file my_file.cif (mmCIF, C-alpha atoms and all ligand atoms)
data_work
#
loop_
_atom_site.group_PDB
_atom_site.id
_atom_site.type_symbol
_atom_site.label_atom_id
_atom_site.label_comp_id
_atom_site.auth_asym_id
_atom_site.auth_seq_id
_atom_site.Cartn_x
_atom_site.Cartn_y
_atom_site.Cartn_z
ATOM 1 C CA MET H 66 108.811 62.795 116.396
ATOM 2 C CA THR H 67 107.657 64.577 113.210
ATOM 3 C CA ASP H 68 107.452 68.380 113.105
ATOM 4 C CA PRO H 69 103.971 69.857 113.615
ATOM 5 C CA ALA H 70 102.140 70.723 110.387
ATOM 6 C CA PRO H 71 102.487 74.380 109.407
ATOM 7 C CA ILE H 72 99.658 76.839 108.900
ATOM 8 C CA LEU H 73 99.658 78.106 105.308
ATOM 9 C CA ILE H 74 99.279 81.895 105.120
ATOM 10 C CA LEU H 75 98.300 83.074 101.649
ATOM 11 C CA GLY H 76 99.887 86.476 101.781
ATOM 12 C CA GLY H 77 101.242 89.483 99.956
ATOM 13 C CA THR H 78 99.554 91.990 102.276
ATOM 14 C CA GLY H 79 100.620 93.900 105.376
ATOM 15 C CA GLU H 80 98.165 91.871 107.441
ATOM 16 C CA ALA H 81 99.707 88.603 106.243
ATOM 17 C CA ARG H 82 103.165 89.862 107.216
ATOM 18 C CA ALA H 83 101.940 90.986 110.628
ATOM 19 C CA LEU H 84 100.331 87.597 111.219
ATOM 20 C CA ALA H 85 103.479 85.713 110.196
ATOM 21 C CA GLN H 86 105.504 87.924 112.535
ATOM 22 C CA VAL H 87 103.359 87.017 115.555
ATOM 23 C CA LEU H 88 103.153 83.306 114.741
ATOM 24 C CA HIS H 89 106.897 83.156 114.155
ATOM 25 C CA ALA H 90 107.558 84.915 117.489
ATOM 26 C CA GLU H 91 105.233 82.455 119.255
ATOM 27 C CA ARG H 92 106.856 79.486 117.488
ATOM 28 C CA ILE H 93 103.596 78.442 115.864
ATOM 29 C CA PRO H 94 104.751 76.815 112.608
ATOM 30 C CA CYS H 95 103.623 78.636 109.474
ATOM 31 C CA VAL H 96 104.620 79.153 105.861
ATOM 32 C CA SER H 97 103.827 82.407 104.063
ATOM 33 C CA SER H 98 103.018 82.152 100.380
ATOM 34 C CA LEU H 99 103.601 85.044 97.957
ATOM 35 C CA ALA H 100 102.427 85.265 94.363
ATOM 36 C CA GLY H 101 105.984 86.195 93.445
ATOM 37 C CA ARG H 102 105.222 88.958 90.973
ATOM 38 C CA VAL H 103 106.630 91.950 92.873
ATOM 39 C CA SER H 104 110.369 92.509 92.537
ATOM 40 C CA ASP H 105 112.036 92.914 95.913
ATOM 41 C CA PRO H 106 108.924 92.121 97.995
ATOM 42 C CA ALA H 107 108.649 92.915 101.700
ATOM 43 C CA LEU H 108 109.328 89.463 103.140
ATOM 44 C CA PRO H 109 107.396 88.035 106.095
ATOM 45 C CA ALA H 110 109.171 86.548 109.094
ATOM 46 C CA GLY H 111 109.734 82.800 109.059
ATOM 47 C CA ASP H 112 109.346 80.355 106.183
ATOM 48 C CA VAL H 113 108.306 81.785 102.825
ATOM 49 C CA ARG H 114 107.460 80.193 99.491
ATOM 50 C CA SER H 115 106.912 82.148 96.301
ATOM 51 C CA GLY H 116 104.998 81.687 93.020
ATOM 52 C CA GLY H 117 101.685 80.160 91.989
ATOM 53 C CA PHE H 118 100.795 76.641 93.086
ATOM 54 C CA GLY H 119 99.486 75.644 89.665
ATOM 55 C CA GLY H 120 95.766 76.049 90.285
ATOM 56 C CA VAL H 121 93.560 74.182 92.747
ATOM 57 C CA ASP H 122 95.217 70.817 92.139
ATOM 58 C CA GLY H 123 98.658 72.266 92.736
ATOM 59 C CA LEU H 124 97.502 73.881 95.960
ATOM 60 C CA ILE H 125 95.942 70.609 97.118
ATOM 61 C CA ALA H 126 99.178 68.780 96.380
ATOM 62 C CA TRP H 127 101.154 71.356 98.383
ATOM 63 C CA LEU H 128 98.764 71.165 101.341
ATOM 64 C CA ARG H 129 98.920 67.366 101.324
ATOM 65 C CA ALA H 130 102.699 67.306 101.074
ATOM 66 C CA HIS H 131 102.964 69.615 104.080
ATOM 67 C CA ARG H 132 100.138 67.926 106.034
ATOM 68 C CA CYS H 133 98.459 71.323 106.519
ATOM 69 C CA THR H 134 95.183 71.432 108.405
ATOM 70 C CA THR H 135 94.677 75.219 108.422
ATOM 71 C CA VAL H 136 94.919 77.847 105.694
ATOM 72 C CA VAL H 137 94.675 81.574 106.336
ATOM 73 C CA ASP H 138 93.625 83.522 103.260
ATOM 74 C CA ALA H 139 95.144 86.916 103.988
ATOM 75 C CA THR H 140 95.439 87.943 100.337
ATOM 76 C CA HIS H 141 94.383 91.280 98.908
ATOM 77 C CA PRO H 142 90.581 91.777 98.774
ATOM 78 C CA PHE H 143 90.786 91.976 94.964
ATOM 79 C CA ALA H 144 92.815 88.769 94.565
ATOM 80 C CA GLN H 145 89.864 86.596 93.564
ATOM 81 C CA HIS H 146 91.519 83.617 91.922
ATOM 82 C CA ILE H 147 93.764 82.534 94.758
ATOM 83 C CA SER H 148 90.911 82.966 97.259
ATOM 84 C CA ALA H 149 88.581 80.815 95.137
ATOM 85 C CA HIS H 150 91.313 78.199 94.791
ATOM 86 C CA ALA H 151 91.892 78.168 98.545
ATOM 87 C CA ALA H 152 88.168 77.661 99.195
ATOM 88 C CA GLN H 153 87.968 74.776 96.741
ATOM 89 C CA ALA H 154 91.154 73.129 97.997
ATOM 90 C CA CYS H 155 90.145 73.369 101.660
ATOM 91 C CA THR H 156 86.674 72.005 100.937
ATOM 92 C CA ARG H 157 88.088 69.084 98.997
ATOM 93 C CA LEU H 158 90.617 68.258 101.732
ATOM 94 C CA GLY H 159 88.216 68.961 104.604
ATOM 95 C CA ILE H 160 90.610 71.436 106.227
ATOM 96 C CA ARG H 161 89.898 74.762 107.868
ATOM 97 C CA LEU H 162 89.997 78.038 105.938
ATOM 98 C CA ILE H 163 90.247 81.293 107.865
ATOM 99 C CA GLY H 164 89.669 84.478 105.879
ATOM 100 C CA LEU H 165 91.604 87.490 107.154
ATOM 101 C CA GLN H 166 90.376 90.521 105.295
ATOM 102 C CA ARG H 167 90.769 94.109 106.416
ATOM 103 C CA ARG H 168 87.642 96.223 106.537
ATOM 104 C CA ALA H 169 86.667 98.170 103.459
ATOM 105 C CA TRP H 170 87.000 101.950 103.588
ATOM 106 C CA SER H 171 83.728 103.787 104.089
ATOM 107 C CA GLN H 172 82.826 107.375 103.336
ATOM 108 C CA VAL H 173 83.081 110.092 105.957
ATOM 109 C CA PRO H 174 81.619 113.610 105.766
ATOM 110 C CA GLY H 175 83.379 115.626 103.081
ATOM 111 C CA ASP H 176 84.117 112.637 100.851
ATOM 112 C CA GLN H 177 82.912 112.793 97.262
ATOM 113 C CA TRP H 178 83.035 109.182 96.158
ATOM 114 C CA ILE H 179 81.763 107.845 92.887
ATOM 115 C CA SER H 180 81.271 104.160 93.670
ATOM 116 C CA VAL H 181 81.664 101.873 90.657
ATOM 117 C CA PRO H 182 81.381 98.083 90.482
ATOM 118 C CA ASP H 183 84.502 97.473 88.426
ATOM 119 C CA LEU H 184 87.459 99.004 86.633
ATOM 120 C CA ALA H 185 85.661 99.227 83.289
ATOM 121 C CA GLU H 186 83.116 101.591 84.856
ATOM 122 C CA ALA H 187 85.886 103.509 86.560
ATOM 123 C CA ALA H 188 87.486 104.031 83.151
ATOM 124 C CA ASP H 189 84.129 105.126 81.673
ATOM 125 C CA TRP H 190 83.741 107.763 84.383
ATOM 126 C CA VAL H 191 87.303 108.997 83.955
ATOM 127 C CA GLY H 192 86.884 109.145 80.178
ATOM 128 C CA GLN H 193 83.901 111.446 80.597
ATOM 129 C CA HIS H 194 84.973 113.599 83.549
ATOM 130 C CA GLY H 195 88.697 113.246 84.278
ATOM 131 C CA ARG H 196 91.325 115.749 83.196
ATOM 132 C CA ARG H 197 94.321 115.025 85.452
ATOM 133 C CA VAL H 198 93.909 111.619 87.050
ATOM 134 C CA PHE H 199 95.760 110.052 89.973
ATOM 135 C CA LEU H 200 95.535 106.315 89.198
ATOM 136 C CA THR H 201 96.335 104.036 92.141
ATOM 137 C CA THR H 202 94.639 100.781 91.158
ATOM 138 C CA GLY H 203 97.848 98.778 90.743
ATOM 139 C CA ARG H 204 99.835 97.849 87.670
ATOM 140 C CA GLN H 205 97.681 94.847 86.749
ATOM 141 C CA ASP H 206 94.701 97.117 86.119
ATOM 142 C CA VAL H 207 96.298 100.013 84.203
ATOM 143 C CA HIS H 208 95.353 98.441 80.866
ATOM 144 C CA GLU H 209 91.692 99.212 81.638
ATOM 145 C CA PHE H 210 92.525 102.909 81.087
ATOM 146 C CA ALA H 211 94.818 102.446 78.070
ATOM 147 C CA HIS H 212 92.188 103.492 75.508
ATOM 148 C CA LEU H 213 91.717 106.944 77.082
ATOM 149 C CA THR H 214 93.532 109.495 74.966
ATOM 150 C CA GLU H 215 92.498 112.827 76.508
ATOM 151 C CA PRO H 216 93.074 112.694 80.317
ATOM 152 C CA TRP H 217 96.597 112.844 81.735
ATOM 153 C CA PHE H 218 97.412 110.110 84.282
ATOM 154 C CA LEU H 219 99.750 110.029 87.230
ATOM 155 C CA ILE H 220 100.104 106.235 87.547
ATOM 156 C CA ARG H 221 101.487 105.107 90.906
ATOM 157 C CA VAL H 222 102.839 101.552 90.938
ATOM 158 C CA VAL H 223 105.360 99.436 92.815
ATOM 159 C CA ASP H 224 106.754 97.848 89.638
ATOM 160 C CA PRO H 225 106.359 99.361 86.153
ATOM 161 C CA PRO H 226 103.348 98.152 84.150
ATOM 162 C CA THR H 227 104.078 95.971 81.126
ATOM 163 C CA CYS H 228 100.675 96.500 79.465
ATOM 164 C CA ASN H 229 99.437 99.206 77.074
ATOM 165 C CA LEU H 230 99.213 102.595 78.757
ATOM 166 C CA PRO H 231 97.052 105.671 78.254
ATOM 167 C CA ARG H 232 98.580 108.106 75.757
ATOM 168 C CA ARG H 233 99.340 110.864 78.295
ATOM 169 C CA HIS H 234 100.865 109.640 81.537
ATOM 170 C CA HIS H 235 103.685 109.693 84.040
ATOM 171 C CA ILE H 236 104.733 106.547 85.938
ATOM 172 C CA LEU H 237 105.522 107.128 89.592
ATOM 173 C CA ARG H 238 107.195 104.119 91.192
ATOM 174 C CA SER H 239 106.723 103.968 94.940
ATOM 175 C CA ARG H 240 105.577 101.724 97.731
ATOM 176 C CA GLY H 241 103.450 102.695 100.743
ATOM 177 C CA PRO H 242 102.825 103.458 103.475
ATOM 178 C CA TYR H 243 101.873 107.012 102.584
ATOM 179 C CA VAL H 244 101.237 110.040 104.785
ATOM 180 C CA LEU H 245 98.740 112.854 104.393
ATOM 181 C CA ASP H 246 101.128 115.780 103.832
ATOM 182 C CA ALA H 247 102.989 114.018 101.045
ATOM 183 C CA GLU H 248 99.763 112.782 99.416
ATOM 184 C CA ARG H 249 98.278 116.290 99.472
ATOM 185 C CA LYS H 250 101.463 117.780 98.003
ATOM 186 C CA LEU H 251 101.595 115.131 95.267
ATOM 187 C CA MET H 252 98.017 115.873 94.234
ATOM 188 C CA VAL H 253 98.510 119.657 94.309
ATOM 189 C CA ASP H 254 101.857 119.567 92.481
ATOM 190 C CA ASN H 255 100.343 117.434 89.729
ATOM 191 C CA ASP H 256 97.135 119.485 89.503
ATOM 192 C CA ILE H 257 95.102 116.297 90.060
ATOM 193 C CA ASP H 258 91.337 116.599 89.640
ATOM 194 C CA VAL H 259 90.279 113.006 90.380
ATOM 195 C CA LEU H 260 91.662 110.068 92.350
ATOM 196 C CA VAL H 261 90.947 106.501 91.211
ATOM 197 C CA THR H 262 91.368 103.653 93.677
ATOM 198 C CA LYS H 263 90.097 100.192 94.531
ATOM 199 C CA ASN H 264 88.461 99.847 97.927
ATOM 200 C CA SER H 265 91.424 97.967 99.335
ATOM 201 C CA GLY H 266 90.900 99.221 102.882
ATOM 202 C CA GLY H 267 93.643 99.457 105.497
ATOM 203 C CA GLU H 268 95.659 102.271 107.022
ATOM 204 C CA LEU H 269 98.801 102.048 104.901
ATOM 205 C CA THR H 270 97.300 103.652 101.790
ATOM 206 C CA ALA H 271 94.346 105.554 103.277
ATOM 207 C CA ALA H 272 96.065 108.976 103.366
ATOM 208 C CA LYS H 273 95.191 109.602 99.694
ATOM 209 C CA LEU H 274 91.492 109.551 100.658
ATOM 210 C CA ALA H 275 92.023 112.172 103.364
ATOM 211 C CA ALA H 276 94.047 114.307 100.939
ATOM 212 C CA ALA H 277 91.309 114.118 98.292
ATOM 213 C CA ARG H 278 88.737 115.048 100.948
ATOM 214 C CA GLU H 279 90.744 118.079 102.047
ATOM 215 C CA LEU H 280 91.250 119.213 98.467
ATOM 216 C CA GLY H 281 87.574 118.678 97.578
ATOM 217 C CA LEU H 282 88.421 116.140 94.866
ATOM 218 C CA PRO H 283 86.156 113.319 93.685
ATOM 219 C CA VAL H 284 87.317 109.737 94.266
ATOM 220 C CA VAL H 285 86.313 107.005 91.842
ATOM 221 C CA MET H 286 86.064 104.067 94.242
ATOM 222 C CA VAL H 287 86.020 100.574 92.745
ATOM 223 C CA GLN H 288 83.963 98.340 95.010
ATOM 224 C CA ARG H 289 85.269 94.997 96.211
ATOM 225 C CA PRO H 290 84.296 91.792 94.460
ATOM 226 C CA PRO H 291 82.149 89.405 96.539
ATOM 227 C CA GLN H 292 84.110 87.590 99.227
ATOM 228 C CA VAL H 293 84.673 83.883 98.768
ATOM 229 C CA PRO H 294 83.011 81.875 101.605
ATOM 230 C CA VAL H 295 85.380 80.777 104.378
ATOM 231 C CA ASP H 296 84.946 78.755 107.581
ATOM 232 C CA VAL H 297 85.772 81.705 109.827
ATOM 233 C CA ALA H 298 86.088 85.326 108.705
ATOM 234 C CA VAL H 299 88.108 87.831 110.760
ATOM 235 C CA ASP H 300 89.082 91.406 109.978
ATOM 236 C CA SER H 301 92.057 91.859 112.264
ATOM 237 C CA VAL H 302 95.397 90.187 112.792
ATOM 238 C CA ASP H 303 94.666 89.973 116.533
ATOM 239 C CA ASP H 304 91.508 87.954 115.906
ATOM 240 C CA ALA H 305 93.345 85.632 113.548
ATOM 241 C CA VAL H 306 96.111 85.135 116.117
ATOM 242 C CA SER H 307 93.577 84.320 118.859
ATOM 243 C CA LEU H 308 91.976 81.645 116.691
ATOM 244 C CA LEU H 309 95.291 80.117 115.700
ATOM 245 C CA ARG H 310 96.691 80.211 119.231
ATOM 246 C CA THR H 311 93.694 78.255 120.485
ATOM 247 C CA ALA H 312 94.111 75.696 117.716
ATOM 248 C CA ALA H 313 97.851 75.318 118.381
ATOM 249 C CA ARG H 314 97.375 74.494 122.091
HETATM 250 P P1 LIG H 401 94.763 86.441 91.842
HETATM 251 O O1 LIG H 401 94.209 86.946 90.555
HETATM 252 O O2 LIG H 401 93.822 85.953 92.857
HETATM 253 O O3 LIG H 401 95.834 85.297 91.573
HETATM 254 C C1 LIG H 401 96.292 84.905 90.290
HETATM 255 C C2 LIG H 401 97.203 83.713 90.495
HETATM 256 O O4 LIG H 401 98.397 84.110 91.159
HETATM 257 C C3 LIG H 401 96.612 82.637 91.379
HETATM 258 O O5 LIG H 401 95.757 81.771 90.647
HETATM 259 C C4 LIG H 401 97.857 81.953 91.905
HETATM 260 O O6 LIG H 401 98.428 81.121 90.917
HETATM 261 C C5 LIG H 401 98.805 83.107 92.086
HETATM 262 N N1 LIG H 401 98.762 83.664 93.433
HETATM 263 C C6 LIG H 401 98.107 84.792 93.870
HETATM 264 N N2 LIG H 401 98.354 85.016 95.150
HETATM 265 C C7 LIG H 401 99.175 84.019 95.565
HETATM 266 C C8 LIG H 401 99.793 83.722 96.801
HETATM 267 N N3 LIG H 401 99.612 84.497 97.889
HETATM 268 N N4 LIG H 401 100.580 82.606 96.855
HETATM 269 C C9 LIG H 401 100.774 81.826 95.759
HETATM 270 N N5 LIG H 401 100.220 82.084 94.563
HETATM 271 C C10 LIG H 401 99.434 83.164 94.472
HETATM 272 O O7 LIG H 401 95.639 87.548 92.565
HETATM 273 P P2 LIG H 401 96.704 88.598 92.042
HETATM 274 O O8 LIG H 401 97.008 88.312 90.589
HETATM 275 O O9 LIG H 401 97.811 88.612 93.014
HETATM 276 O O10 LIG H 401 95.973 89.986 92.165
HETATM 277 C C11 LIG H 401 94.681 90.251 91.704
HETATM 278 C C12 LIG H 401 94.227 91.623 92.121
HETATM 279 O O11 LIG H 401 94.571 91.916 93.482
HETATM 280 C C13 LIG H 401 94.823 92.731 91.309
HETATM 281 O O12 LIG H 401 93.785 93.647 91.096
HETATM 282 C C14 LIG H 401 95.893 93.320 92.190
HETATM 283 O O13 LIG H 401 96.074 94.675 91.920
HETATM 284 C C15 LIG H 401 95.349 93.086 93.559
HETATM 285 N N6 LIG H 401 96.451 92.937 94.511
HETATM 286 C C16 LIG H 401 96.896 94.014 95.185
HETATM 287 C C17 LIG H 401 97.906 93.886 96.091
HETATM 288 C C18 LIG H 401 98.359 95.088 96.866
HETATM 289 O O14 LIG H 401 99.097 94.957 97.809
HETATM 290 N N7 LIG H 401 97.926 96.264 96.502
HETATM 291 C C19 LIG H 401 98.509 92.673 96.330
HETATM 292 C C20 LIG H 401 98.059 91.576 95.623
HETATM 293 C C21 LIG H 401 97.026 91.732 94.726
HETATM 294 P P3 LIG H 401 98.159 79.539 90.838
HETATM 295 O O15 LIG H 401 96.781 79.383 90.286
HETATM 296 O O16 LIG H 401 99.237 79.051 89.937
HETATM 297 O O17 LIG H 401 98.279 78.996 92.226
#
call {"tool": "encode", "arguments": {"input": "my_file.cif", "output": "structure tokens", "more": "lines below"}}
Ligand code: NAP
result
Amino acid sequence: MTDPAPILILGGTGEARALAQVLHAERIPCVSSLAGRVSDPALPAGDVRSGGFGGVDGLIAWLRAHRCTTVVDATHPFAQHISAHAAQACTRLGIRLIGLQRRAWSQVPGDQWISVPDLAEAADWVGQHGRRVFLTTGRQDVHEFAHLTEPWFLIRVVDPPTCNLPRRHHILRSRGPYVLDAERKLMVDNDIDVLVTKNSGGELTAAKLAAARELGLPVVMVQRPPQVPVDVAVDSVDDAVSLLRTAAR
């Protein structure tokens, strides 16, 4: 008898790891896929592959070779290319695509958010108003701020950026999750006057928003790009597990 076809989890997020953990524990076959750009990544339980597929055609070839009938897109809300590729590949193969995307953060009383549609506008705002900037948009986006010569940046990244950097900066290498006390102390110690973040959502990195709120600091919040259409959209690991459990029976 041949092995059952695995579910492909497009991952790199905490939710993708949590999903793989449950499926692995329940012996539902799955393979987690990572982009492979982070050194020393947090690895999901079970089978893992790493690196790009080589565009839509490469992804289709992989899905065919593994006889996959379900893909879970649990990638980061700002990872647009892989999500678009997954949608195209699943449509062309006629297989099911489940989108697992955590809810976006929303403002609560006391927040002072400046919502911007993209990183270029975030950089414009910072160029006009920022003096000491806490930049948490990830290393792939730091180049958007490289032309700013006046503000000082505390740039928090997992791996060091390889792009051009703003003239005045300090690179802080660290990986979440983060807690409120430490986030508040970091902002106070560095005399931060604005926080810049993408609206990634999720609990693991939300403490910086609470710290900014407590300190009365503005937050330049980059809004999410439009979500790629999927067959079923869920916003929690539990909901994804319920769907996949039903399908595996
Ligand atoms: P992307 O722009 O959607 O993907 C670029 C290419 O990387 C894809 O075309 C694909 O290559 C490969 N790829 C991406 N995710 C993959 C996966 N799970 N498995 C296999 N290949 C994958 O995504 P991105 O470059 O990863 O990130 C784009 C944005 O999302 C950035 O703004 C980044 O900061 C953010 N992000 C944040 C986090 C986080 O935890 N904070 C994690 C990931 C991304 P092929 O075309 O060759 O298949």
call {"tool": "closest_residue", "arguments": {"input": "my_file.cif", "among": "H:Asn264, H:Thr140, H:Ser180, H:Thr201", "to": "ligand LIG 401 (chain H)", "atoms": "all atoms listed in the file"}}
result
H:Thr140
call {"tool": "resolve_selection", "arguments": {"input": "my_file.cif", "expression": "the PyMOL selection byres (((chain H and resi 187) around 12) and not hetatm)", "output": "number ranges by chain"}}
result
H: 178-186, 188-195, 198, 200-202, 206-207, 209-210, 213, 259-263, 284-288
call {"tool": "resolve_selection", "arguments": {"input": "my_file.cif", "expression": "the PyMOL selection byres (((not hetatm)) within 6 of (chain H and resi 401))", "output": "mmCIF file with C-alpha atoms, in the coordinates of the input"}}
result
data_model
loop_
_atom_site.group_PDB
_atom_site.id
_atom_site.type_symbol
_atom_site.label_atom_id
_atom_site.label_comp_id
_atom_site.auth_asym_id
_atom_site.auth_seq_id
_atom_site.Cartn_x
_atom_site.Cartn_y
_atom_site.Cartn_z
ATOM 1 C CA LEU H 75 98.300 83.074 101.649
ATOM 2 C CA GLY H 76 99.887 86.476 101.781
ATOM 3 C CA GLY H 77 101.242 89.483 99.956
ATOM 4 C CA THR H 78 99.554 91.990 102.276
ATOM 5 C CA SER H 98 103.018 82.152 100.380
ATOM 6 C CA LEU H 99 103.601 85.044 97.957
ATOM 7 C CA ALA H 100 102.427 85.265 94.363
ATOM 8 C CA GLY H 116 104.998 81.687 93.020
ATOM 9 C CA GLY H 117 101.685 80.160 91.989
ATOM 10 C CA PHE H 118 100.795 76.641 93.086
ATOM 11 C CA GLY H 119 99.486 75.644 89.665
ATOM 12 C CA GLY H 120 95.766 76.049 90.285
ATOM 13 C CA THR H 140 95.439 87.943 100.337
ATOM 14 C CA HIS H 141 94.383 91.280 98.908
ATOM 15 C CA PHE H 143 90.786 91.976 94.964
ATOM 16 C CA ALA H 144 92.815 88.769 94.565
ATOM 17 C CA GLN H 145 89.864 86.596 93.564
ATOM 18 C CA HIS H 146 91.519 83.617 91.922
ATOM 19 C CA ILE H 147 93.764 82.534 94.758
ATOM 20 C CA GLY H 203 97.848 98.778 90.743
ATOM 21 C CA GLN H 205 97.681 94.847 86.749
#
call {"tool": "resolve_selection", "arguments": {"input": "my_file.cif", "expression": "the PyMOL selection byres (((chain H and resi 302) around 12) and not hetatm)", "output": "PyMOL selection string"}}
result
chain H and resi 74+78-88+137-139+163-168+267+298-301+303-310
call {"tool": "atom_distance", "arguments": {"input": "my_file.cif", "atom1": "atom CA of Ala130 of chain H", "atom2": "atom CA of Ser148 of chain H"}}
result
20.0 Å
call {"tool": "closest_residue", "arguments": {"input": "my_file.cif", "among": "H:Pro69, H:Pro291, H:Leu237, H:Trp170", "to": "Leu274 of chain H", "atoms": "all atoms listed in the file"}}
result
H:Trp170
call {"tool": "atom_distance", "arguments": {"input": "my_file.cif", "atom1": "atom CA of Ala277 of chain H", "atom2": "atom CA of Pro242 of chain H"}}
result
16.5 Å
call {"tool": "closest_residue", "arguments": {"input": "my_file.cif", "among": "H:Ala211, H:Leu245, H:Val293, H:Leu128", "to": "Arg232 of chain H", "atoms": "only C-alpha atoms"}}
result
H:Ala211
call {"tool": "closest_residue", "arguments": {"input": "my_file.cif", "among": "H:Leu280, H:Val222, H:Ala271, H:Ala312", "to": "Val103 of chain H", "atoms": "all atoms listed in the file"}}
result
H:Val222
call {"tool": "closest_residue", "arguments": {"input": "my_file.cif", "among": "H:Ala149, H:Ala154, H:Leu230, H:Val253", "to": "Gln292 of chain H", "atoms": "all atoms listed in the file"}}
result
H:Ala149
call {"tool": "axis_aligned_box", "arguments": {"input": "my_file.cif", "around": "segment 85-91 of chain H", "padding_each_side": "3 Å", "output": "lines of an AutoDock Vina configuration file"}}
result
center_x = 105.4
center_y = 85.2
center_z = 114.7
size_x = 10.4
size_y = 11.5
size_z = 15.1
call {"tool": "residues_near_point", "arguments": {"input": "my_file.cif", "point": "(89.8, 117.4, 91.4)", "cutoff": "6 Å", "atoms": "all atoms listed in the file", "output": "list of chain:residue names"}}
result
H:Ile257, H:Asp258, H:Val259, H:Leu282, H:Pro283
call {"tool": "closest_residue", "arguments": {"input": "my_file.cif", "among": "H:His89, H:Arg289, H:Arg238, H:Arg157", "to": "Ile72 of chain H", "atoms": "all atoms listed in the file"}}
result
H:His89
call {"tool": "decode", "arguments": {"input": "my_file.cif", "residues": "segment 97-102 of chain H", "atoms": "all heavy atoms", "output": "PDB file, in the first residue's frame"}}
result
ATOM      1  N   SER H  97       6.253  20.534   6.002  1.00  0.00           N
ATOM      2  CA  SER H  97       6.345  21.987   6.157  1.00  0.00           C
ATOM      3  C   SER H  97       7.388  22.524   5.201  1.00  0.00           C
ATOM      4  O   SER H  97       8.477  21.956   5.084  1.00  0.00           O
ATOM      5  CB  SER H  97       6.761  22.349   7.583  1.00  0.00           C
ATOM      6  OG  SER H  97       5.786  21.940   8.504  1.00  0.00           O
ATOM      7  N   SER H  98       7.057  23.629   4.547  1.00  0.00           N
ATOM      8  CA  SER H  98       7.995  24.245   3.614  1.00  0.00           C
ATOM      9  C   SER H  98       8.437  25.601   4.139  1.00  0.00           C
ATOM     10  O   SER H  98       7.605  26.443   4.492  1.00  0.00           O
ATOM     11  CB  SER H  98       7.325  24.404   2.245  1.00  0.00           C
ATOM     12  OG  SER H  98       8.197  25.091   1.371  1.00  0.00           O
ATOM     13  N   LEU H  99       9.752  25.817   4.180  1.00  0.00           N
ATOM     14  CA  LEU H  99      10.323  27.097   4.623  1.00  0.00           C
ATOM     15  C   LEU H  99      11.019  27.760   3.449  1.00  0.00           C
ATOM     16  O   LEU H  99      11.594  27.072   2.599  1.00  0.00           O
ATOM     17  CB  LEU H  99      11.344  26.858   5.742  1.00  0.00           C
ATOM     18  CG  LEU H  99      10.877  26.054   6.958  1.00  0.00           C
ATOM     19  CD1 LEU H  99      12.029  25.888   7.943  1.00  0.00           C
ATOM     20  CD2 LEU H  99       9.699  26.746   7.629  1.00  0.00           C
ATOM     21  N   ALA H 100      11.014  29.085   3.448  1.00  0.00           N
ATOM     22  CA  ALA H 100      11.696  29.811   2.368  1.00  0.00           C
ATOM     23  C   ALA H 100      13.202  29.574   2.418  1.00  0.00           C
ATOM     24  O   ALA H 100      13.883  29.635   1.398  1.00  0.00           O
ATOM     25  CB  ALA H 100      11.383  31.296   2.461  1.00  0.00           C
ATOM     26  N   GLY H 101      13.717  29.344   3.631  1.00  0.00           N
ATOM     27  CA  GLY H 101      15.125  28.974   3.746  1.00  0.00           C
ATOM     28  C   GLY H 101      16.073  30.156   3.798  1.00  0.00           C
ATOM     29  O   GLY H 101      17.259  30.005   3.520  1.00  0.00           O
ATOM     30  N   ARG H 102      15.555  31.322   4.168  1.00  0.00           N
ATOM     31  CA  ARG H 102      16.433  32.499   4.178  1.00  0.00           C
ATOM     32  C   ARG H 102      16.954  32.838   5.571  1.00  0.00           C
ATOM     33  O   ARG H 102      17.907  33.587   5.700  1.00  0.00           O
ATOM     34  CB  ARG H 102      15.703  33.702   3.594  1.00  0.00           C
ATOM     35  CG  ARG H 102      15.775  33.732   2.087  1.00  0.00           C
ATOM     36  CD  ARG H 102      15.226  35.024   1.572  1.00  0.00           C
ATOM     37  NE  ARG H 102      13.798  35.108   1.785  1.00  0.00           N
ATOM     38  CZ  ARG H 102      12.892  34.626   0.969  1.00  0.00           C
ATOM     39  NH1 ARG H 102      13.273  34.041  -0.136  1.00  0.00           N
ATOM     40  NH2 ARG H 102      11.608  34.734   1.223  1.00  0.00           N
TER      41      ARG H 102
END
